[in-house]
Amino acid sequence: MAKKHSMTSVIFTETSAESESGSPVPTKSSKPAQQVTAIEMGARQREISVAEFFTKNRHLLGFDNPRKALLTCVKEAVDNALDACEEAGILPDVTVRLDVVPANGTMPSTSQATRFRITVLDNGPGIVRQQIPRIFAKLLYGSKFHRMRMSRGQQGIGISAAGMYGQLTTGKPVQIISRVGPKSAAHFFEVQIDTKKNEPLVHESKQIEWSQPRGTQVMLEVEGKYQKGRASVDEWLEQTSIANPHVKLTYHTPEGEVKGYPRTYHELPPSPREIKPHPYGIEFGMFLKMLQDTKSHSVSGFVASDFCRVSPQLADEMCKAAKVPAHTRPRDLKGSATETFYRTIQETKIMAPPTNCISPIGEKAILSGLYKQIKGEFYTAVSRPPAVYRGNPFIIETGLAYGNRPENQNKLKQAAGPKAEGEHEEEGSELARVIRYANRVPLLYQQSACSMFKAVLSTTWKNYGVVQPRGALPVGPLVIFVHMASVWVPFTSESKEAIADYDEIQKEITLALRECGRRLGLFLRRRERAASEYRRRNIFELYIEEVVEACNRLKGGKLPKEKLKGQLTKIANSRTGGAKTDEALGKTGASPEGLPNSIIVTEEGVEGEEDLTNPVQTDVVSSAPQAEPVCLRDEQPVARDVNATGKQPAKGQKKEGKPSKEKASQMTLFERAGKPKKPHKPSTVSRLREKT
Amino acid sequence: MAPKQHKTTPVEKKLIGLADVVVTAAERSKDPAFSIPIRALSNVSFNPRKGLIEMGGKKQTRSFFNVGMAKKFMQTVLVADALAELQRAELTTSLREIYYRTKHTIQDSQENTFDTQDESDPVIEDLEVSLAALREELHVRAENSGSIVGPVVFGDDGDRVDCSKLGKGGYSVPSIVEPEYLEIRRCTADFVLLVEKGTQWNRLSEDKFWRRYNCVLLTGNGQPPRGVRRLARRLHEEHRLPVYVLVDNDPWGYYIYSVIKQGSINLAFESQRIAIPKAKFIGLSSADPERYGLPRNVGIKLNEKDIARAKELMNYEWFKKPAWHAEIKRMLASGLKYELDALANKDFQYLTKKYLPGKLKDKDWLD
């Protein structure tokens with residue numbers, strides 16, 4: 001009781017500076033608390049800086065606990081590095097390093113450590129000297145917020161918040177080295193953030209010698225906790241590598257291990273264009289602000305030039321419909337007229353926004369990423385045509401990896417040997433894993449709050465030959481990949497963990513998942529058919545031996561065994577169709593016929609999009625000197641065609657109306673891709689052999 | 001060591017016959033097949049004249065070159081081989097040992113001939129039926145899960161077993177009680193009381209109920225195994241003892257009684273030998289709680305399964321008697337079932353001192 005009392009008194013002293021008048025703390029006397037005048041209150045009212053706000057509310061940015069904080073810091077630094085590289089047209093080459101910081105002169109074990117140094121190095125364009133302090137030590141500063149263009153970061157909070165978190169927990173400034181090119185000098189900075197003013201404080205700024213010809217290195221010291229497993233730094237980097245096969249990632253774990261995620265796709269995603277806002281995505285308040293800020297001299301000019309998809313002609317029509325003179329100056333539009341005008345615009349039929357502002361990963365790249373990181377036997381990927389929610393264009397992409405590699409299956413079998421009672425059929429208890437991405441960034445937290453996860457749950461996987469308990473994830477060796485690319489991804493919070501439930505988004509995800517599911521179902525059925533045919537023959541062959549032996553024993557060992565065996569085998573062959581079955585087996589084996597954008601791995605080798613699985617080019621490219629300016633290689637014209645569907649706005653628009661036609665054109669593209677399969681085959685087979 | 005001179009038994013001949021089926025079919029390029037009588041409700045009928053469940057003539061064909069049956073066929077041959085081995089060695093064994101004896105991994109595969117005993121047990125029953133051989137003749141015994149106490153003397157492997165001098169534990173009924181294995185040397189009892197539960201049998205045995213009422217007390221711990229049923233039948237047949245059945249008052253108790261009386265669906269082919277059509281149901285009847293003043297709170301609410309099973313029982317031909325329909329309907333109407341143990345609510349020895357004496361005196365039983 002006494003303890004409680006003292007606690008409340010502490011709170012009193014703290015809050016007394018702010019507002020005692022409205023204090024809801026019940027006092028024993030019914031006497032009203034001391035009166036405070038408006039002037040006195042006014043004196044206390046002051047601006048809150050964003051930095052101060054986020055210092056108190058760091059959970060909003062993903063720094064709720066030490067483990068998550070460590071991940072958030074890595075994530076923000078890597079996102080920035082990748083965004084910078086891609087914008088500059090450089091194939092990203094990123095090194096992440098986590099080091100344990102000794103405490104009190106002793107080096108704690110990795111799992112016990114509470115302080116880490118995070119180093120992220122990229123081969124990007126570098127940052128000009130003047131901007132370094134503000135990028136790293138000012139919240140809400142950046143290039144990404146004000147434009148309608150797809151990028152990993154959105155608000156310009158990320159890296160500076162990570163720096164602020166480090167500063168808060170360890171007192172150490174952020175260290176940055178950056179160089180814009182081999183001919184310029186490398187700059188070293190130590191910056192901190194002045195949380196009161198949300199302005200950078202530069203501690204150190206000098207030129208240094210640096211081995212990197214170009215790029216940026218960020219070093220943060222933060223309080224954190226390193227633990228492998230779900231939602232760990234390791235998992236995040238692995239998933240990043242799946243969705244970004246064009247990135248070469250090197251990861252030095254705090255345990256001293258070096259994990260390399262090689263580049264398997266040697267083409268940068270097409271650079272997304274910046275677009276103007278679409279009228280449907282603008283709320284009234286925003287519209288008013290735009291009216292004030294516009295450079296146009298007339299209302300019609302404003303609508304035509306500040307929005308996308310509004311032609312001058314359409315703008316005039318809208319003005320007419322709203323009964324607003326077209327030449328009115330935007331700033332003169334007042335009161336109810338503005339509202340009418342706004343409503344008229346919303347009611348006018350306007351073409352959907354262009355989609356060249358988003359760059360999907362692409363089916364081939366998804367396949368390549370999944371194939372690289374997940375050992376399965378079936379892969380497929382689907383990119384949906386662009387769609388729109390609240391005036392923001394977006395693209396949904398999904399992928400699937402299913403099963404165990406044949407070589408792993410064999411290993412399992414061999415290790416098991418003859419099975420004891422109750423030992424068989426243990427597989428199938430594991431639940432599917434859903435990996436979620438927004439603009440190529442893996443989302444690890446708040447899975448069940450996410451629209452993507454909900455879409456996976458609501459898909460009826462049973463139809464595709466996968467077991468799914470009611471209201472749960474499907475069961476089986478299955479990884480489900482979902483990606484949303486958009487100029488503005490609607491996250492449920494600033495820490496960017498889950499995607500909000502918009503019907504349009506949910507619908508697109510469901511459609512894409514269903515297509516993946518259909519292909520998986522096709523694969524499973526085909527495999528089952530082949531297996532059952534095989535089993536049919538095998539059963540008889542296996543059992544003949546047993547039956548003959550048993551009969552021989554029954555007859556006291558006096559049976560002409562070989563003769564009986566021969567006779568039975570003959571009957572078996574005539575019953576299972578003999579040679580015809582062989583043929584059927586070969587045919588129904590596992591050709592990805594009718595399965596676009598899929599890879600099937602069998603004991604005989606890999607079928608499907610083989611150029612993706614072919615490792616030769618990987619080796620060549622990854623051994624090439626890094627920081628090479630990137631050229632689009634010619635070896636995958638098909639992939640580029642596919643991505644180009646997003647590049648040509650007019651075409652994309654038409655397609656939206658007729659999805660079936662587009663699908664057909666995609667199919668033909670892939671048929672073309674499938675053709676040069678034969679000559680490749682030996683190499684993939686030999687590779688698999690080597691691996692085993 | 002010269003092998004012991006072994007005379008081929010008729011059962012062994014039948015087992016070897018299975019091998020001949022395979023050889024003959026193979027020579028004629030035909031699919032080898034056994035025909036096995038179906039052991040299911042669809043293939044049994046109630047013979048009201050004899051008061052027995054009898055097996056019908058429906059048979060299923062188990063052929064080798066059929067994907068669905070190949071494994072079963074192979075298993076049948078393997079079990080036949082193991083059974084023939086028993087015959088030659090003149091040994092008896094358990095179901096579980098047969099399972100282990102026949103289990104192995106098929107060469108060049110990961111597949112086992114049998115994965116669990118659940119696969120081998122039905123195969124043995126199939127062979128019993130199709131070869132018309134008794135399980136005892138196949139030298140397969142079940143667990144000894146029955147007890148007997150009372151004024152009866154057996155000869156077992158040459159030992160004299162006097163069941164009136166075995167304390168309260170009694171004699172454990174072997175699973176094979178055919179005259180060649182178990183001889184009834186003397187029996188002076190007046191009737192046989194077959195009790196469902198071991199606990200109640202213990203109560204009666206401890207209270208020496210059998211001495212006072214001059215009876216044989218038998219239990220099978222639940223659904224009585226064949227040995228217990230066959231022994232009751234022999235006492236009934238050879239010594240003309242009436243058999244009374246004491247079970248819980250629930251659908252499962254009723255069914256136990258009916259199995260003792262008419263035989264079971266699964267072992268319909270055995271009814272001839274082990275069913276006791278004149279057995280009487282002495283309790284616990286659904287009328288008893290009222291008659292003996294058992295309070296409602298010692299009852300247990302019937303669950304859905306109980307209700308469904310009770311309704312199923314009423315549809316069985318052999319339960320279609322007015323007295324039985326009234327009995328089952330009374331239970332359904334009360335919505336309660338009672339365990340024999342519930343009688344202890346009145347007195348620990350209520351069963352021995354009041355309930356059974358009353359029932360026997362009033363001849364209060366159902367047929």
# chains A, B, ... in the order shown; residues from 1 in each chain; ligands from 1
>>> interface_residues(of="chain A", to="chain B", cutoff="7 Å", atoms="only C-alpha atoms", output="compact mmCIF listing (two decimals) with N, CA and C atoms, in the first residue's frame")
# COMPACT_ATOMS: atom_id res chain seq x y z
N GLY A 417 15.73 -46.80 -43.17
CA GLY A 417 15.84 -48.25 -43.22
C GLY A 417 14.47 -48.89 -43.04
N PRO A 418 14.45 -50.16 -42.63
CA PRO A 418 13.15 -50.79 -42.42
C PRO A 418 12.42 -50.06 -41.30
N GLU A 421 6.91 -50.35 -36.26
CA GLU A 421 5.49 -50.04 -36.15
C GLU A 421 5.31 -48.59 -35.69
N ARG A 536 1.50 -49.72 -59.08
CA ARG A 536 0.77 -50.87 -59.60
C ARG A 536 1.73 -51.96 -60.04
N TYR A 543 5.46 -58.36 -54.48
CA TYR A 543 4.71 -59.38 -53.75
C TYR A 543 4.91 -60.77 -54.34
N GLU A 546 7.38 -62.61 -52.39
CA GLU A 546 6.89 -63.04 -51.08
C GLU A 546 5.96 -64.24 -51.20
N VAL A 547 5.03 -64.14 -52.15
CA VAL A 547 4.02 -65.18 -52.29
C VAL A 547 4.70 -66.49 -52.69
N ALA A 550 6.52 -68.01 -49.70
CA ALA A 550 5.60 -68.56 -48.71
C ALA A 550 4.99 -69.87 -49.22
N CYS A 551 4.60 -69.89 -50.49
CA CYS A 551 4.01 -71.10 -51.06
C CYS A 551 5.03 -72.23 -51.02
N ARG A 553 7.43 -72.63 -48.92
CA ARG A 553 7.56 -73.15 -47.56
C ARG A 553 6.37 -74.03 -47.20
N LEU A 554 5.18 -73.57 -47.63
CA LEU A 554 3.97 -74.36 -47.36
C LEU A 554 4.09 -75.75 -47.96
N LYS A 555 4.65 -75.78 -49.16
CA LYS A 555 4.77 -77.06 -49.85
C LYS A 555 6.03 -77.83 -49.41
N LEU A 564 7.48 -70.85 -61.09
CA LEU A 564 6.28 -70.20 -60.58
C LEU A 564 6.41 -68.68 -60.67
N GLN A 567 5.92 -67.57 -64.19
CA GLN A 567 4.52 -67.61 -64.60
C GLN A 567 3.75 -66.42 -64.04
N LEU A 568 3.99 -66.13 -62.75
CA LEU A 568 3.26 -65.03 -62.11
C LEU A 568 3.66 -63.69 -62.72
N ILE A 571 1.85 -63.07 -65.86
CA ILE A 571 0.46 -62.62 -65.65
C ILE A 571 0.45 -61.15 -65.25
N ALA A 572 1.37 -60.79 -64.35
CA ALA A 572 1.42 -59.40 -63.87
C ALA A 572 1.63 -58.45 -65.04
>>> select_by_dssp(residues="region 124-347 of chain B", states="strand (DSSP E)", output="PyMOL selection string")
chain B and resi 140-141+147-149+152-156+159-162+171-172+182-187+191-195+215-219+243-246+280-283+300-301+336-337
>>> write_last_selection(atoms="N, CA and C atoms", output="CSV table (one decimal), in the first residue's frame")
chain,number,residue,atom,x,y,z
B,140,VAL,N,-4.0,-71.1,-32.4
B,140,VAL,CA,-3.8,-69.7,-32.1
B,140,VAL,C,-4.7,-69.4,-30.8
B,141,ARG,N,-4.1,-68.9,-29.8
B,141,ARG,CA,-4.9,-68.6,-28.6
B,141,ARG,C,-4.9,-67.1,-28.4
B,147,SER,N,-12.0,-65.3,-15.7
B,147,SER,CA,-11.7,-66.1,-14.5
B,147,SER,C,-13.0,-66.9,-14.2
B,148,ILE,N,-12.7,-68.0,-13.5
B,148,ILE,CA,-13.8,-68.8,-13.0
B,148,ILE,C,-13.6,-69.3,-11.6
B,149,VAL,N,-14.6,-69.4,-10.8
B,149,VAL,CA,-14.6,-69.9,-9.5
B,149,VAL,C,-15.9,-70.6,-9.2
B,152,VAL,N,-16.4,-76.7,-9.5
B,152,VAL,CA,-16.2,-77.4,-10.7
B,152,VAL,C,-14.7,-77.8,-10.7
B,153,VAL,N,-14.4,-79.0,-11.3
B,153,VAL,CA,-13.1,-79.5,-11.3
B,153,VAL,C,-12.6,-79.7,-12.7
B,154,PHE,N,-11.5,-79.2,-13.1
B,154,PHE,CA,-11.0,-79.3,-14.4
B,154,PHE,C,-9.7,-80.2,-14.4
B,155,GLY,N,-9.5,-80.8,-15.6
B,155,GLY,CA,-8.2,-81.4,-15.8
B,155,GLY,C,-7.5,-80.6,-16.9
B,156,ASP,N,-6.4,-80.0,-16.5
B,156,ASP,CA,-5.7,-79.1,-17.5
B,156,ASP,C,-4.2,-79.6,-17.6
B,159,ASP,N,-3.1,-81.7,-14.8
B,159,ASP,CA,-3.3,-81.2,-13.5
B,159,ASP,C,-4.7,-81.2,-13.1
B,160,ARG,N,-5.0,-81.4,-11.8
B,160,ARG,CA,-6.4,-81.4,-11.4
B,160,ARG,C,-6.6,-79.9,-10.8
B,161,VAL,N,-7.6,-79.2,-11.4
B,161,VAL,CA,-7.8,-77.9,-10.9
B,161,VAL,C,-9.2,-77.9,-10.3
B,162,ASP,N,-9.2,-77.7,-9.0
B,162,ASP,CA,-10.5,-77.6,-8.3
B,162,ASP,C,-10.8,-76.1,-8.1
B,171,TYR,N,-9.6,-69.5,-11.1
B,171,TYR,CA,-8.8,-70.1,-12.2
B,171,TYR,C,-8.9,-69.2,-13.4
B,172,SER,N,-7.8,-69.0,-14.0
B,172,SER,CA,-7.8,-68.1,-15.2
B,172,SER,C,-8.2,-69.0,-16.4
B,182,LEU,N,-9.0,-79.1,-22.2
B,182,LEU,CA,-9.5,-78.8,-20.9
B,182,LEU,C,-10.7,-79.8,-20.6
B,183,GLU,N,-10.5,-80.6,-19.6
B,183,GLU,CA,-11.5,-81.6,-19.3
B,183,GLU,C,-12.3,-81.2,-18.1
B,184,ILE,N,-13.6,-81.3,-18.2
B,184,ILE,CA,-14.4,-81.0,-17.0
B,184,ILE,C,-14.6,-82.3,-16.3
B,185,ARG,N,-13.9,-82.4,-15.2
B,185,ARG,CA,-14.0,-83.7,-14.5
B,185,ARG,C,-15.2,-83.9,-13.6
B,186,ARG,N,-15.6,-82.8,-13.0
B,186,ARG,CA,-16.7,-82.9,-12.1
B,186,ARG,C,-17.4,-81.5,-12.0
B,187,CYS,N,-18.7,-81.4,-11.9
B,187,CYS,CA,-19.3,-80.2,-11.7
B,187,CYS,C,-20.6,-80.4,-11.0
B,191,PHE,N,-26.0,-73.5,-11.4
B,191,PHE,CA,-26.2,-72.6,-12.6
B,191,PHE,C,-24.8,-71.9,-12.8
B,192,VAL,N,-24.7,-71.2,-13.9
B,192,VAL,CA,-23.6,-70.4,-14.2
B,192,VAL,C,-24.0,-68.9,-14.2
B,193,LEU,N,-23.2,-68.1,-13.5
B,193,LEU,CA,-23.4,-66.7,-13.5
B,193,LEU,C,-22.3,-66.0,-14.3
B,194,LEU,N,-22.6,-65.5,-15.4
B,194,LEU,CA,-21.5,-64.8,-16.2
B,194,LEU,C,-21.6,-63.3,-16.0
B,195,VAL,N,-20.6,-62.7,-15.4
B,195,VAL,CA,-20.6,-61.3,-15.0
B,195,VAL,C,-19.7,-60.5,-16.0
B,215,CYS,N,-23.1,-72.1,-7.4
B,215,CYS,CA,-23.1,-71.7,-8.8
B,215,CYS,C,-21.6,-71.6,-9.2
B,216,VAL,N,-21.4,-71.5,-10.5
B,216,VAL,CA,-20.1,-71.2,-11.1
B,216,VAL,C,-20.1,-69.7,-11.5
B,217,LEU,N,-19.1,-69.0,-11.0
B,217,LEU,CA,-19.0,-67.6,-11.4
B,217,LEU,C,-17.9,-67.4,-12.5
B,218,LEU,N,-18.4,-66.8,-13.6
B,218,LEU,CA,-17.5,-66.6,-14.7
B,218,LEU,C,-17.4,-65.1,-15.0
B,219,THR,N,-16.3,-64.7,-15.5
B,219,THR,CA,-16.2,-63.3,-16.0
B,219,THR,C,-15.3,-63.3,-17.2
B,243,VAL,N,-27.6,-70.6,-17.7
B,243,VAL,CA,-26.6,-69.5,-17.7
B,243,VAL,C,-27.3,-68.2,-17.6
B,244,TYR,N,-26.9,-67.4,-16.5
B,244,TYR,CA,-27.4,-66.1,-16.3
B,244,TYR,C,-26.3,-65.1,-16.6
B,245,VAL,N,-26.7,-64.0,-17.2
B,245,VAL,CA,-25.8,-63.0,-17.6
B,245,VAL,C,-26.0,-61.7,-16.8
B,246,LEU,N,-25.0,-61.2,-16.1
B,246,LEU,CA,-25.1,-60.0,-15.4
B,246,LEU,C,-24.2,-58.9,-16.0
B,280,LYS,N,-29.9,-66.4,-20.0
B,280,LYS,CA,-30.9,-65.4,-19.6
B,280,LYS,C,-30.2,-64.1,-19.1
B,281,PHE,N,-30.9,-63.0,-19.3
B,281,PHE,CA,-30.4,-61.7,-18.9
B,281,PHE,C,-31.0,-61.4,-17.5
B,282,ILE,N,-30.1,-61.4,-16.5
B,282,ILE,CA,-30.6,-61.3,-15.1
B,282,ILE,C,-30.5,-59.8,-14.7
B,283,GLY,N,-29.7,-59.1,-15.2
B,283,GLY,CA,-29.6,-57.6,-14.9
B,283,GLY,C,-28.4,-57.0,-15.5
B,300,ILE,N,-26.0,-42.4,-15.1
B,300,ILE,CA,-25.1,-41.6,-16.0
B,300,ILE,C,-25.9,-41.3,-17.2
B,301,LYS,N,-25.9,-40.0,-17.7
B,301,LYS,CA,-26.7,-39.6,-18.8
B,301,LYS,C,-26.2,-40.3,-20.1
B,336,LEU,N,-31.0,-42.5,-18.9
B,336,LEU,CA,-29.9,-42.8,-18.0
B,336,LEU,C,-29.4,-44.2,-18.2
B,337,LYS,N,-28.1,-44.4,-17.9
B,337,LYS,CA,-27.6,-45.8,-17.9
B,337,LYS,C,-27.0,-46.0,-16.5
>>> atom_distance(atom1="CA of Lys349 (chain A)", atom2="CA of Tyr389 (chain A)")
15.2 Å
>>> residues_around(residues="Asn552 (chain A)", least_positions_apart="5", cutoff="8 Å", atoms="only C-alpha atoms", output="PyMOL selection string")
(chain A and resi 557-559+561) or (chain B and resi 19)
>>> atom_distance(atom1="CA of Glu204 (chain A)", atom2="CA of Gln175 (chain A)")
8.9 Å
>>> atom_distance(atom1="CA of Val482 (chain A)", atom2="CA of Arg58 (chain A)")
27.8 Å
>>> residues_around(residues="Asn266 (chain B)", least_positions_apart="4", cutoff="10 Å", atoms="only C-alpha atoms", output="PyMOL selection string")
chain B and resi 38-41+43-44+55+125+270
>>> closest_atom_pairs(of="region 287-307 of chain B", to="region 354-363 of chain B", cutoff="12 Å", atoms="only C-alpha atoms", output="Markdown table")
| residue | atom | partner | partner_atom | distance |
| --- | --- | --- | --- | --- |
| B:Asp288 | CA | B:Tyr355 | CA | 9.3 |
| B:Pro289 | CA | B:Tyr355 | CA | 11.0 |
| B:Arg291 | CA | B:Tyr355 | CA | 10.2 |
| B:Tyr292 | CA | B:Tyr355 | CA | 7.8 |
| B:Gly293 | CA | B:Tyr355 | CA | 11.0 |
| B:Leu294 | CA | B:Tyr355 | CA | 11.3 |
>>> residues_around(residues="Met314 (chain B)", least_positions_apart="6", cutoff="10 Å", atoms="only C-alpha atoms", output="VMD selection string")
chain B and resid 320 to 321 324 to 326 328 to 329
>>> decode(residues="region 233-250 of chain B", atoms="N, CA and C atoms", output="PDB file, in the first residue's frame")
ATOM      1  N   ARG B 233     -20.597 -72.412 -22.515  1.00  0.00           N
ATOM      2  CA  ARG B 233     -21.411 -73.269 -23.370  1.00  0.00           C
ATOM      3  C   ARG B 233     -21.228 -74.747 -22.990  1.00  0.00           C
ATOM      4  N   ARG B 234     -19.989 -75.113 -22.714  1.00  0.00           N
ATOM      5  CA  ARG B 234     -19.744 -76.518 -22.374  1.00  0.00           C
ATOM      6  C   ARG B 234     -20.423 -76.870 -21.051  1.00  0.00           C
ATOM      7  N   LEU B 235     -20.335 -75.954 -20.075  1.00  0.00           N
ATOM      8  CA  LEU B 235     -20.989 -76.214 -18.787  1.00  0.00           C
ATOM      9  C   LEU B 235     -22.498 -76.326 -19.002  1.00  0.00           C
ATOM     10  N   HIS B 236     -22.997 -75.475 -19.884  1.00  0.00           N
ATOM     11  CA  HIS B 236     -24.428 -75.443 -20.184  1.00  0.00           C
ATOM     12  C   HIS B 236     -24.849 -76.746 -20.862  1.00  0.00           C
ATOM     13  N   GLU B 237     -24.031 -77.169 -21.818  1.00  0.00           N
ATOM     14  CA  GLU B 237     -24.396 -78.291 -22.658  1.00  0.00           C
ATOM     15  C   GLU B 237     -24.124 -79.617 -21.949  1.00  0.00           C
ATOM     16  N   GLU B 238     -22.901 -79.713 -21.413  1.00  0.00           N
ATOM     17  CA  GLU B 238     -22.489 -80.998 -20.866  1.00  0.00           C
ATOM     18  C   GLU B 238     -23.081 -81.235 -19.481  1.00  0.00           C
ATOM     19  N   HIS B 239     -23.338 -80.174 -18.732  1.00  0.00           N
ATOM     20  CA  HIS B 239     -23.855 -80.360 -17.375  1.00  0.00           C
ATOM     21  C   HIS B 239     -25.219 -79.737 -17.170  1.00  0.00           C
ATOM     22  N   ARG B 240     -25.815 -79.313 -18.266  1.00  0.00           N
ATOM     23  CA  ARG B 240     -27.179 -78.787 -18.261  1.00  0.00           C
ATOM     24  C   ARG B 240     -27.376 -77.667 -17.236  1.00  0.00           C
ATOM     25  N   LEU B 241     -26.409 -76.789 -17.129  1.00  0.00           N
ATOM     26  CA  LEU B 241     -26.544 -75.671 -16.199  1.00  0.00           C
ATOM     27  C   LEU B 241     -27.169 -74.481 -16.918  1.00  0.00           C
ATOM     28  N   PRO B 242     -28.166 -73.874 -16.310  1.00  0.00           N
ATOM     29  CA  PRO B 242     -28.655 -72.626 -16.906  1.00  0.00           C
ATOM     30  C   PRO B 242     -27.583 -71.527 -16.774  1.00  0.00           C
ATOM     31  N   VAL B 243     -27.568 -70.625 -17.741  1.00  0.00           N
ATOM     32  CA  VAL B 243     -26.567 -69.543 -17.728  1.00  0.00           C
ATOM     33  C   VAL B 243     -27.286 -68.215 -17.553  1.00  0.00           C
ATOM     34  N   TYR B 244     -26.869 -67.447 -16.548  1.00  0.00           N
ATOM     35  CA  TYR B 244     -27.425 -66.113 -16.321  1.00  0.00           C
ATOM     36  C   TYR B 244     -26.329 -65.076 -16.577  1.00  0.00           C
ATOM     37  N   VAL B 245     -26.741 -64.013 -17.208  1.00  0.00           N
ATOM     38  CA  VAL B 245     -25.759 -62.987 -17.577  1.00  0.00           C
ATOM     39  C   VAL B 245     -26.031 -61.716 -16.795  1.00  0.00           C
ATOM     40  N   LEU B 246     -25.002 -61.206 -16.147  1.00  0.00           N
ATOM     41  CA  LEU B 246     -25.132 -59.985 -15.351  1.00  0.00           C
ATOM     42  C   LEU B 246     -24.240 -58.903 -15.970  1.00  0.00           C
ATOM     43  N   VAL B 247     -24.876 -57.887 -16.505  1.00  0.00           N
ATOM     44  CA  VAL B 247     -24.106 -56.825 -17.192  1.00  0.00           C
ATOM     45  C   VAL B 247     -24.575 -55.456 -16.738  1.00  0.00           C
ATOM     46  N   ASP B 248     -23.849 -54.420 -17.130  1.00  0.00           N
ATOM     47  CA  ASP B 248     -24.275 -53.039 -16.861  1.00  0.00           C
ATOM     48  C   ASP B 248     -25.573 -52.766 -17.604  1.00  0.00           C
ATOM     49  N   ASN B 249     -26.286 -51.790 -17.121  1.00  0.00           N
ATOM     50  CA  ASN B 249     -27.490 -51.396 -17.838  1.00  0.00           C
ATOM     51  C   ASN B 249     -27.156 -50.294 -18.841  1.00  0.00           C
ATOM     52  N   ASP B 250     -26.635 -50.714 -19.989  1.00  0.00           N
ATOM     53  CA  ASP B 250     -26.406 -49.769 -21.094  1.00  0.00           C
ATOM     54  C   ASP B 250     -26.414 -50.576 -22.393  1.00  0.00           C
TER      55      ASP B 250
END
